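Next comes entry_10.txt, a file with compact mmCIF, C-alpha atoms and all ligand atoms.
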```
# COMPACT_ATOMS: atom_id res chain seq x y z
CA MET P 18 42.59 34.21 -17.57
CA GLU P 19 42.84 32.13 -14.45
CA HIS P 20 40.35 29.31 -14.17
CA LYS P 21 37.86 30.10 -11.42
CA MET P 22 37.30 27.49 -8.73
CA PHE P 23 34.55 26.95 -6.22
CA LEU P 24 36.07 27.67 -2.82
CA TYR P 25 34.18 25.59 -0.34
CA ASP P 26 33.75 27.11 3.08
CA PRO P 27 31.64 25.09 5.53
CA ASN P 28 30.83 28.30 7.44
CA ILE P 29 29.18 29.87 4.39
CA HIS P 30 27.98 27.11 2.11
CA GLY P 31 25.46 24.33 2.55
CA LEU P 32 22.54 23.92 4.86
CA GLN P 33 22.11 21.80 7.95
CA ILE P 34 19.29 19.38 7.18
CA LYS P 35 16.67 19.41 9.89
CA SER P 36 15.36 16.29 11.53
CA ILE P 37 11.92 15.01 10.69
CA GLY P 38 9.40 15.52 13.48
CA SER P 39 10.52 14.85 17.01
CA LYS P 40 12.77 11.92 16.20
CA GLN P 41 16.44 11.94 15.35
CA VAL P 42 16.12 11.07 11.70
CA THR P 43 18.51 12.09 8.97
CA ASP P 44 16.75 12.94 5.74
CA THR P 45 19.62 11.71 3.58
CA ALA P 46 19.22 8.22 5.09
CA ILE P 47 15.60 8.09 3.93
CA ALA P 48 16.57 9.54 0.54
CA SER P 49 19.26 6.86 0.25
CA LEU P 50 16.81 4.09 1.03
CA ARG P 51 14.45 5.37 -1.66
CA ILE P 52 17.27 5.58 -4.23
CA ALA P 53 18.53 2.11 -3.24
CA LEU P 54 15.13 0.52 -3.86
CA LYS P 55 14.59 2.39 -7.12
CA SER P 56 18.06 1.41 -8.36
CA TYR P 57 17.40 -2.22 -7.50
CA PHE P 58 14.07 -2.12 -9.34
CA GLU P 59 15.82 -0.60 -12.37
CA THR P 60 18.01 -3.68 -12.79
CA TYR P 61 15.10 -5.45 -14.53
CA GLY P 62 15.01 -2.91 -17.36
CA VAL P 63 18.73 -3.14 -18.08
CA VAL P 64 18.91 -6.91 -18.20
CA ARG P 65 16.21 -7.36 -20.83
CA PHE P 66 18.33 -6.53 -23.86
CA ILE P 67 21.10 -8.84 -22.78
CA VAL P 68 19.28 -11.98 -21.75
CA ASN P 69 15.82 -13.49 -21.50
CA LEU P 70 14.79 -13.72 -17.84
CA GLY P 71 13.87 -17.36 -18.42
CA GLU P 72 17.58 -18.12 -18.57
CA ILE P 73 18.47 -16.34 -15.33
CA GLY P 74 19.13 -18.79 -12.54
CA ASP P 75 19.63 -21.68 -14.96
CA PRO P 76 22.94 -23.27 -13.95
CA LYS P 77 23.67 -24.05 -17.62
CA TYR P 78 23.50 -20.38 -18.50
CA ASN P 79 26.45 -18.08 -18.07
CA GLU P 80 25.38 -14.70 -16.70
CA ASP P 81 28.68 -12.96 -17.35
CA ARG P 82 27.29 -10.89 -20.21
CA VAL P 83 24.84 -9.26 -17.81
CA THR P 84 27.43 -8.72 -15.11
CA GLU P 85 29.78 -7.08 -17.62
CA SER P 86 27.15 -4.56 -18.72
CA MET P 87 28.06 -1.04 -17.57
CA GLU P 88 24.41 -0.21 -17.06
CA TYR P 89 23.89 -3.17 -14.75
CA GLN P 90 27.07 -2.32 -12.85
CA ALA P 91 25.89 1.27 -12.33
CA LYS P 92 22.52 0.14 -10.96
CA TYR P 93 24.17 -2.50 -8.77
CA ILE P 94 26.62 -0.03 -7.26
CA GLN P 95 23.87 2.50 -6.58
CA THR P 96 21.80 -0.21 -4.92
CA ILE P 97 24.55 -1.48 -2.62
CA PHE P 98 26.02 1.92 -1.74
CA HIS P 99 22.68 3.48 -0.88
CA PHE P 100 21.50 0.55 1.26
CA HIS P 101 24.85 0.68 3.06
CA HIS P 102 24.50 4.42 3.61
CA PHE P 103 20.96 4.00 4.93
CA ILE P 104 21.98 1.34 7.48
CA GLU P 105 24.99 3.36 8.64
CA ILE P 106 23.15 6.65 9.07
CA MET P 107 20.04 5.23 10.71
CA THR P 108 22.16 3.18 13.15
CA LYS P 109 24.05 6.31 14.12
CA ASP P 110 20.76 8.17 14.54
CA ALA P 111 19.62 5.41 16.90
CA LEU P 112 22.86 5.74 18.89
CA ARG P 113 22.56 9.54 19.07
CA ASP P 114 19.01 9.16 20.20
CA ILE P 115 20.31 7.37 23.32
CA ASP P 116 23.39 9.54 23.81
CA PRO P 117 25.13 11.80 21.25
CA ILE P 118 28.51 10.50 22.45
CA TYR P 119 27.66 6.99 21.24
CA ALA P 120 27.96 8.05 17.60
CA ILE P 121 31.29 9.84 17.92
CA LYS P 122 34.64 8.56 16.74
CA ILE P 123 36.93 9.00 19.70
CA ASN P 124 40.62 9.64 19.35
CA PHE P 125 42.02 8.38 22.63
CA ASP P 126 45.48 9.78 21.86
CA ASN P 127 44.11 13.28 21.91
CA LEU P 128 43.53 14.51 25.45
CA GLU P 129 41.72 17.61 24.15
CA THR P 130 39.04 15.40 22.61
CA LEU P 131 38.63 13.48 25.83
CA LYS P 132 38.28 16.74 27.76
CA LYS P 133 35.63 17.94 25.35
CA ILE P 134 33.71 14.75 25.84
CA GLN P 135 34.08 15.08 29.59
CA ASP P 136 32.72 18.63 29.40
CA ARG P 137 30.10 17.57 26.84
CA SER P 138 31.19 20.33 24.50
CA GLU P 139 31.28 20.04 20.68
CA ILE P 140 30.07 16.51 20.93
CA GLU P 141 27.69 16.80 18.01
CA ASP P 142 30.36 17.39 15.39
CA SER P 143 29.18 14.89 12.81
CA SER P 144 32.45 15.05 10.86
CA HIS P 145 33.92 12.82 13.54
CA SER P 146 31.14 10.28 13.67
CA ILE P 147 31.80 6.57 13.54
CA GLU P 148 31.45 4.41 10.45
CA TYR P 149 29.27 1.45 9.48
CA GLU P 150 31.03 -1.37 11.35
CA ALA P 151 31.61 0.58 14.55
CA ALA P 152 28.01 1.85 14.54
CA ILE P 153 26.65 -1.69 14.31
CA LYS P 154 29.08 -2.96 16.94
CA ARG P 155 28.05 -0.22 19.36
CA ILE P 156 24.29 -0.58 18.88
CA MET P 157 24.59 -4.36 19.32
CA SER P 158 26.60 -3.94 22.51
CA LEU P 159 23.47 -2.40 24.03
CA HIS P 160 21.73 -5.78 24.17
CA THR P 161 22.45 -5.99 27.89
CA ALA P 162 21.18 -2.47 28.59
CA GLU P 163 18.24 -1.98 30.89
CA GLU P 164 16.19 -0.74 27.98
CA VAL P 165 17.30 -2.59 24.86
CA PRO P 166 16.88 -0.41 21.73
CA VAL P 167 14.53 -1.78 19.06
CA LEU P 168 17.33 -1.72 16.48
CA THR P 169 19.56 -3.81 18.77
CA LYS P 170 16.80 -6.43 19.01
CA ILE P 171 16.45 -6.47 15.20
CA PHE P 172 20.19 -6.82 14.63
CA TYR P 173 20.26 -9.70 17.13
CA LYS P 174 17.65 -11.66 15.21
CA LYS P 175 18.82 -14.87 13.57
CA ASN P 176 20.98 -14.41 10.44
CA VAL P 177 20.74 -10.61 10.46
CA LYS P 178 24.31 -9.74 11.50
CA LYS P 179 26.13 -12.29 9.38
CA TYR P 180 23.93 -12.59 6.30
CA CYS P 181 22.62 -9.04 6.02
CA LEU P 182 24.81 -6.48 7.78
CA ASP P 183 28.24 -8.07 7.34
CA THR P 184 27.51 -9.22 3.78
CA LEU P 185 26.29 -5.75 2.78
CA ASN P 186 29.47 -4.27 4.22
CA GLN P 187 31.64 -6.75 2.36
CA LEU P 188 29.84 -6.10 -0.92
CA ARG P 189 30.10 -2.35 -0.46
CA ASN P 190 33.79 -2.48 0.43
CA ARG P 191 34.67 -4.78 -2.43
CA ALA P 192 32.94 -2.49 -4.91
CA TRP P 193 34.19 0.70 -3.25
CA HIS P 194 37.86 -0.08 -2.71
CA ARG P 195 38.61 -2.48 -5.51
CA GLY P 196 35.93 -1.32 -7.91
CA LYS P 197 35.92 -4.59 -9.78
CA TYR P 198 33.72 -6.90 -7.80
CA ILE P 199 29.96 -7.09 -8.09
CA LEU P 200 27.29 -9.74 -7.64
CA LYS P 201 25.65 -11.36 -10.65
CA TYR P 202 22.06 -10.39 -11.51
CA SER P 203 20.55 -13.57 -10.03
CA GLU P 204 22.76 -13.34 -6.93
CA LEU P 205 21.63 -9.75 -6.33
CA ASP P 206 18.01 -10.94 -6.53
CA GLN P 207 18.78 -13.65 -3.97
CA PHE P 208 20.55 -11.29 -1.61
CA MET P 209 17.82 -8.67 -1.93
CA THR P 210 14.70 -10.79 -1.63
CA ARG P 211 15.99 -13.32 0.92
CA ASN P 212 18.27 -11.22 3.12
CA LEU P 213 18.28 -7.45 2.81
CA LEU P 214 14.74 -6.45 1.86
CA PRO P 215 13.15 -8.31 4.82
CA LEU P 216 15.62 -6.57 7.17
CA VAL P 217 15.03 -3.11 5.73
CA VAL P 218 11.25 -3.47 5.91
CA ASP P 219 11.56 -4.79 9.48
CA ILE P 220 13.67 -1.75 10.41
CA VAL P 221 11.35 0.92 8.97
CA GLN P 222 8.26 -0.77 10.37
CA SER P 223 9.51 -1.74 13.85
CA THR P 224 11.42 1.45 14.59
CA ASN P 225 9.01 3.77 12.80
CA TYR P 226 12.26 5.37 11.62
CA ASP P 227 10.59 7.13 8.71
CA GLU P 228 7.36 8.59 10.04
CA SER P 229 6.83 10.44 6.76
CA GLY P 230 6.80 7.16 4.82
CA TYR P 231 8.93 8.80 2.12
CA TRP P 232 11.09 5.69 1.73
CA LYS P 233 8.24 3.87 0.01
CA TYR P 234 6.11 4.66 -3.02
CA ASN P 235 2.51 5.76 -2.76
CA LYS P 236 0.82 2.70 -4.14
CA PRO P 237 -2.08 3.68 -6.44
CA ALA P 238 -5.33 2.49 -4.81
CA THR P 239 -6.36 0.58 -7.93
CA LEU P 240 -3.17 -1.52 -8.05
CA GLN P 241 -4.08 -4.92 -6.65
CA ILE P 242 -0.66 -5.89 -5.31
CA ASP P 243 2.03 -4.22 -3.23
CA PRO P 244 5.27 -5.05 -5.07
CA ILE P 245 7.52 -4.83 -2.00
CA GLU P 246 5.25 -7.14 0.01
CA GLU P 247 5.14 -9.54 -2.95
CA LEU P 248 8.94 -9.51 -3.21
CA LEU P 249 9.14 -10.47 0.48
CA LYS P 250 6.82 -13.41 -0.23
CA VAL P 251 9.00 -14.50 -3.17
CA GLY P 252 12.08 -14.34 -0.93
CA ARG P 253 10.45 -16.71 1.58
CA GLY P 254 9.86 -19.31 -1.12
CA HIS P 255 12.02 -22.35 -1.72
CA ALA P 256 13.11 -21.55 -5.28
CA LEU P 257 13.28 -18.03 -6.64
CA ASP P 258 11.16 -17.14 -9.63
CA TYR P 259 13.26 -14.57 -11.49
CA LYS P 260 10.45 -13.75 -13.90
CA ARG P 261 8.14 -12.91 -11.02
CA ILE P 262 10.87 -10.82 -9.39
CA GLY P 263 11.41 -8.99 -12.71
CA PHE P 264 7.69 -8.25 -12.99
CA LEU P 265 7.52 -6.97 -9.40
CA LYS P 266 10.59 -4.79 -9.89
CA ALA P 267 8.98 -3.20 -12.97
CA VAL P 268 5.72 -2.56 -11.08
CA GLY P 269 7.62 -1.23 -8.05
CA LEU P 270 9.57 1.18 -10.23
CA ALA P 271 6.34 2.42 -11.85
CA CYS P 272 4.92 3.04 -8.35
CA TYR P 273 7.97 5.13 -7.47
CA ASN P 274 7.84 7.09 -10.72
CA HIS P 275 4.10 7.61 -10.71
CA LYS P 276 3.04 11.13 -9.91
CA ARG P 277 -0.51 12.28 -9.81
CA SER P 278 -1.00 14.46 -12.85
CA TYR P 279 -2.72 17.78 -12.45
CA GLY P 280 -3.77 20.57 -14.72
CA ILE P 281 -4.85 19.60 -18.15
CA GLU P 282 -7.36 16.96 -16.96
CA ARG P 283 -9.60 19.68 -15.66
CA TYR P 284 -10.17 20.89 -19.20
CA THR P 285 -9.88 17.73 -21.25
CA LYS P 286 -11.26 15.09 -18.85
CA ARG P 287 -8.31 13.07 -20.03
CA SER P 288 -4.68 13.10 -18.96
CA LEU P 289 -1.88 14.21 -21.23
CA SER P 290 -0.63 10.62 -21.18
CA GLU P 291 -3.98 9.36 -22.51
CA ILE P 292 -4.00 11.93 -25.31
CA LYS P 293 -0.42 10.99 -26.20
CA THR P 294 -1.27 7.29 -26.11
CA GLU P 295 -4.19 7.73 -28.48
CA ALA P 296 -2.03 9.68 -30.92
CA LEU P 297 0.76 7.09 -30.87
CA VAL P 298 -1.56 4.12 -31.33
CA SER P 299 -3.65 5.74 -34.05
CA GLN P 300 -0.51 6.32 -36.08
CA ARG P 301 0.99 2.97 -35.08
CA MET P 302 4.18 4.73 -34.09
CA ASN P 303 7.00 2.24 -33.49
CA ASN P 304 4.54 -0.60 -33.90
CA SER P 305 2.38 0.60 -31.04
CA TYR P 306 -0.47 -1.75 -31.58
CA GLU P 307 -3.17 -1.08 -29.02
CA SER P 308 -3.73 0.64 -25.73
CA ARG P 309 -5.56 -0.29 -22.61
CA LYS P 310 -6.07 0.69 -19.01
CA CYS P 311 -2.83 0.38 -17.04
CA PHE P 312 -3.14 -1.91 -14.00
CA VAL P 313 -0.77 0.31 -12.02
CA CYS P 314 -2.00 3.89 -12.57
CA ASN P 315 -5.46 3.15 -13.97
CA LYS P 316 -5.10 5.46 -16.97
CA ASN P 317 -5.82 4.42 -20.54
CA SER P 318 -2.17 4.79 -21.33
CA LEU P 319 -0.60 1.34 -21.45
CA ILE P 320 0.62 0.77 -25.00
CA LEU P 321 1.27 -2.72 -26.31
CA PHE P 322 4.03 -2.92 -28.91
CA GLN P 323 3.98 -5.55 -31.58
CA ASP P 324 6.52 -7.38 -33.66
CA GLU P 325 6.06 -9.81 -36.51
CA ASP P 326 7.78 -12.53 -38.45
CA SER P 327 6.96 -14.76 -41.38
CA LYS P 328 7.95 -18.14 -42.68
CA TYR P 329 7.54 -20.04 -45.91
CA ASP P 330 7.21 -23.79 -45.64
CA VAL P 331 8.66 -25.32 -48.79
CA ASP P 332 7.07 -28.75 -48.25
CA THR P 333 3.49 -27.58 -47.79
CA LYS P 334 3.99 -24.47 -49.88
CA THR P 335 2.38 -22.37 -47.25
CA TYR P 336 3.25 -18.90 -46.14
CA SER P 337 2.49 -17.83 -42.60
CA ARG P 338 2.90 -14.60 -40.72
CA TRP P 339 2.85 -14.11 -36.94
CA GLN P 340 2.36 -11.12 -34.80
CA TRP P 341 3.08 -10.95 -31.11
CA ASN P 342 3.21 -8.35 -28.38
CA TRP P 343 6.71 -7.97 -27.00
CA LYS P 344 6.61 -4.79 -24.90
CA ALA P 345 4.10 -2.91 -22.76
CA GLU P 346 4.85 0.67 -21.78
CA CYS P 347 2.67 3.10 -19.87
CA GLN P 348 2.80 6.75 -20.87
CA GLU P 349 1.57 7.81 -17.43
CA CYS P 350 3.44 5.83 -14.75
CA GLY P 351 6.28 4.54 -16.94
CA LEU P 352 5.53 0.86 -16.32
CA LEU P 353 7.77 -1.05 -18.71
CA LEU P 354 7.37 -4.77 -19.20
CA TYR P 355 8.81 -7.19 -21.73
CA ASP P 356 7.42 -10.50 -22.83
CA ASP P 357 9.94 -12.54 -20.86
CA VAL P 358 7.68 -12.14 -17.82
CA LEU P 359 4.27 -13.83 -17.72
CA ASN P 360 0.88 -12.14 -18.01
CA PRO P 361 -0.13 -9.87 -15.08
CA LYS P 362 -2.87 -12.27 -13.92
CA GLU P 363 -0.13 -14.84 -13.12
CA TYR P 364 1.24 -12.39 -10.56
CA GLY P 365 -1.97 -11.47 -8.77
CA ILE P 366 -3.55 -8.87 -11.10
CA LYS P 367 -7.01 -10.42 -11.26
CA ASP P 368 -9.38 -10.09 -14.22
CA TYR P 369 -6.77 -8.36 -16.35
CA ASP P 370 -6.70 -9.42 -19.99
CA ASP P 371 -3.50 -11.02 -21.21
CA ILE P 372 -1.02 -8.61 -22.70
CA TRP P 373 1.25 -11.21 -24.26
CA ILE P 374 -0.81 -12.36 -27.20
CA SER P 375 0.56 -13.91 -30.34
CA LYS P 376 -1.47 -14.80 -33.38
CA ILE P 377 -1.13 -15.97 -36.94
CA VAL P 378 -2.46 -13.13 -39.02
CA ASN P 379 -2.06 -14.66 -42.43
CA TYR P 380 -2.00 -18.25 -43.53
CA GLU P 381 -2.31 -18.93 -47.20
CA ASN P 382 -1.57 -21.64 -49.72
CA THR P 383 0.60 -19.53 -51.84
CA GLU P 384 3.08 -20.33 -54.54
CA LEU P 385 5.87 -17.92 -53.82
CA ASP P 386 8.23 -16.74 -56.49
CA LEU P 387 11.37 -18.09 -54.99
ZN ZN X 401 0.46 3.27 -15.81
```
Translate the structure described by the file into structure tokens.
Amino acid sequence: MEHKMFLYDPNIHGLQIKSIGSKQVTDTAIASLRIALKSYFETYGVVRFIVNLGEIGDPKYNEDRVTESMEYQAKYIQTIFHFHHFIEIMTKDALRDIDPIYAIKINFDNLETLKKIQDRSEIEDSSHSIEYEAAIKRIMSLHTAEEVPVLTKIFYKKNVKKYCLDTLNQLRNRAWHRGKYILKYSELDQFMTRNLLPLVVDIVQSTNYDESGYWKYNKPATLQIDPIEELLKVGRGHALDYKRIGFLKAVGLACYNHKRSYGIERYTKRSLSEIKTEALVSQRMNNSYESRKCFVCNKNSLILFQDEDSKYDVDTKTYSRWQWNWKAECQECGLLLYDDVLNPKEYGIKDYDDIWISKIVNYENTELDL
């Protein structure tokens, strides 16, 4: 039997995505920005099993093991590609907003195309729209216009063109065409917090590009910090604190993943995540040691996981055993932290008890049968 294929016909399949509100805004651009930020935040979780964050940024430490991780590479590529897509699409939207012709790729050899443009017919065919570099070039050329677009003013700000837009394009092209070049974990943190994140936030705030606010998480009211704002502050600092960035990425990701839970709470007064947490801790599943209120989602669903080790000192003939918390995971919002970051209070979560506690649980003068 012949293998059936999907026969794509643009006249039958697919759906034209509508613009949001009155503005010329492409939904996929906003979706891309959201995915880009989430992917960047996910890089913290993948690095933990390869290296301790304390070593990141240390010139003596070789980061190649992280860079070679397929998981890191996948997150990196998603991050860069989606930021690139966002910038390209929103720049073209800004051009179209002024005149639809401004976003069109024009083939000067084809007289028919020129005639169509002259007659203003079929000018909104997006399949012939310009690409990233041309879009930026065109929007920047409007700096002498009578009414200078907001985006043009942003792109003309110091360091934006060279260190944000051109660098992003280079990184995207090197990963896209050659497929073998990516930034190291610490370099991505530098590029994101110092260059790109400030630009992206400036764009969405100054242009009001995304009136729906979908690009950003809905920060739970009880969370004392806004991770994106905190990351901007870190980026303005002299030296980057990779542990702090890791913590903020984990909190940011939890904010994106957090969904208000409905349903069962009406009957139980507790969320499913809290019931699950209690069950896991009571049975000490996977060394789940204790639970407490999560500082992101405010549910009693943050589980602290414990590990232990012991040592026998031959000289003093003493046997000691330690326990320490090494992981904190919320069953509600998915917050996932490891003990290579500091306690939450070090990053602005006030009055929150330390989660990284270690203690000697047994210390005896014991003659061991060695
Ligand atoms: Zn939580």
* To do: One decimal, Å: what's the distance from atom CA of Val63 of chain P over to atom CA of Ser86 of chain P, could you say?
  => 8.6 Å
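Across the model, the gap from atom CA of Ser223 of chain P to atom CA of Phe264 of chain P is 27.7 Å.
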Can you tell me which residues surround segment 318-325 of chain P at a distance of at most 7 Å, considering only C-alpha atoms, apart from same-chain residues fewer than 5 positions away, and format the answer as a short mmCIF file (atom, residue, chain, number, x, y, z; two decimals) with C-alpha atoms, in the frame of the given file?
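Output saved as part.cif:
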```
data_model
loop_
_atom_site.label_atom_id
_atom_site.label_comp_id
_atom_site.auth_asym_id
_atom_site.auth_seq_id
_atom_site.Cartn_x
_atom_site.Cartn_y
_atom_site.Cartn_z
CA SER P 290 -0.63 10.62 -21.18
CA GLU P 291 -3.98 9.36 -22.51
CA THR P 294 -1.27 7.29 -26.11
CA ASN P 304 4.54 -0.60 -33.90
CA SER P 305 2.38 0.60 -31.04
CA TYR P 306 -0.47 -1.75 -31.58
CA GLU P 307 -3.17 -1.08 -29.02
CA SER P 308 -3.73 0.64 -25.73
CA ARG P 309 -5.56 -0.29 -22.61
CA LYS P 310 -6.07 0.69 -19.01
CA CYS P 311 -2.83 0.38 -17.04
CA TRP P 339 2.85 -14.11 -36.94
CA GLN P 340 2.36 -11.12 -34.80
CA TRP P 341 3.08 -10.95 -31.11
CA ASN P 342 3.21 -8.35 -28.38
CA TRP P 343 6.71 -7.97 -27.00
CA LYS P 344 6.61 -4.79 -24.90
CA ALA P 345 4.10 -2.91 -22.76
CA GLU P 346 4.85 0.67 -21.78
CA CYS P 347 2.67 3.10 -19.87
CA GLN P 348 2.80 6.75 -20.87
CA GLU P 349 1.57 7.81 -17.43
#
```
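Considering all atoms listed in the file, the residue among P:Leu352, P:Gln241, P:Glu148, P:Cys272 positioned nearest to ligand ZN 401 (chain X) is P:Leu352.
Pairwise distance (atom CA of Arg82 of chain P, atom CA of Tyr61 of chain P) equals 14.5 Å.
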* Could you pull the residues within 9 Å of Asn315 of chain P, counting only C-alpha atoms, minus those fewer than 5 positions along the same chain, as a PyMOL selection string? -> chain P and resi 237+239-240+310
* Pick from P:Ile123, P:Ala53, P:Asp136, P:Leu353: nearest to Ala267 of chain P, with only C-alpha atoms counted? ->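 Among the listed residues, P:Leu353 lies closest to Ala267 of chain P.
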Using the file's own x, y and z axes, what box holds all listed atoms of segment 366-378 of chain P with 4 Å on each side, keeping edges along x, y and z, and what are its centre and edge lengths in Å to one decimal, as JSON?
```
{"center_x": -4.1, "center_y": -12.2, "center_z": -25.1, "size_x": 18.6, "size_y": 15.6, "size_z": 35.9}
```
* Quick one: residues within 9 Å of Val64 of chain P, only C-alpha atoms counted, chain neighbours fewer than 5 positions away excluded, as a PyMOL selection string? -> chain P and resi 69-70+83+86+88-89+202
* Structure fact -> With distances taken over only C-alpha atoms and all ligand atoms, the candidate from P:Leu168, P:Met22, P:Ile153, P:Cys350 nearest ligand ZN 401 (chain X) is P:Cys350
* To do: Write out as a list of chain:residue names each polymer residue whose atoms come within 12 Å of Pro166 of chain P, counting all atoms listed in the file; drop sequence neighbours fewer than 2 positions from it.
  =>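 The neighbour list is P:Thr108, P:Asp110, P:Ala111, P:Leu112, P:Arg113, P:Asp114, P:Ile115, P:Arg155, P:Ile156, P:Met157, P:Ser158, P:Leu159, P:His160, P:Thr161, P:Ala162, P:Glu163, P:Glu164, P:Leu168, P:Thr169, P:Lys170, P:Ile171, P:Phe172, P:Tyr173, P:Ile220, P:Ser223, P:Thr224.
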* Can you tell me, as a list in words, what residues are no more than 6 Å from Arg338 of chain P when counting only C-alpha atoms, ignoring any on the same chain fewer than 5 positions away? ->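 Once the adjacent positions are removed, what remains is Asp326, Ser327, Ile377, Val378 and Asn379 of chain P.
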* Taking into account all atoms listed in the file, which residue in the set P:Glu105, P:Val298, P:Tyr273, P:His20 is nearest to ligand ZN 401 (chain X)? ->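 That would be P:Tyr273, the residue with the smallest distance to ligand ZN 401 (chain X).
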* Given the choices P:Val358, P:Lys236, P:Tyr149, P:His30, which gets closest to ligand ZN 401 (chain X) if the distance is worked out from all atoms listed in the file? -> P:Lys236
* For ligand ZN 401 (chain X), which residue out of P:Lys362, P:His275, P:His255, P:His102 is the nearest one, using all atoms listed in the file? ->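 Nearest to ligand ZN 401 (chain X): P:His275.
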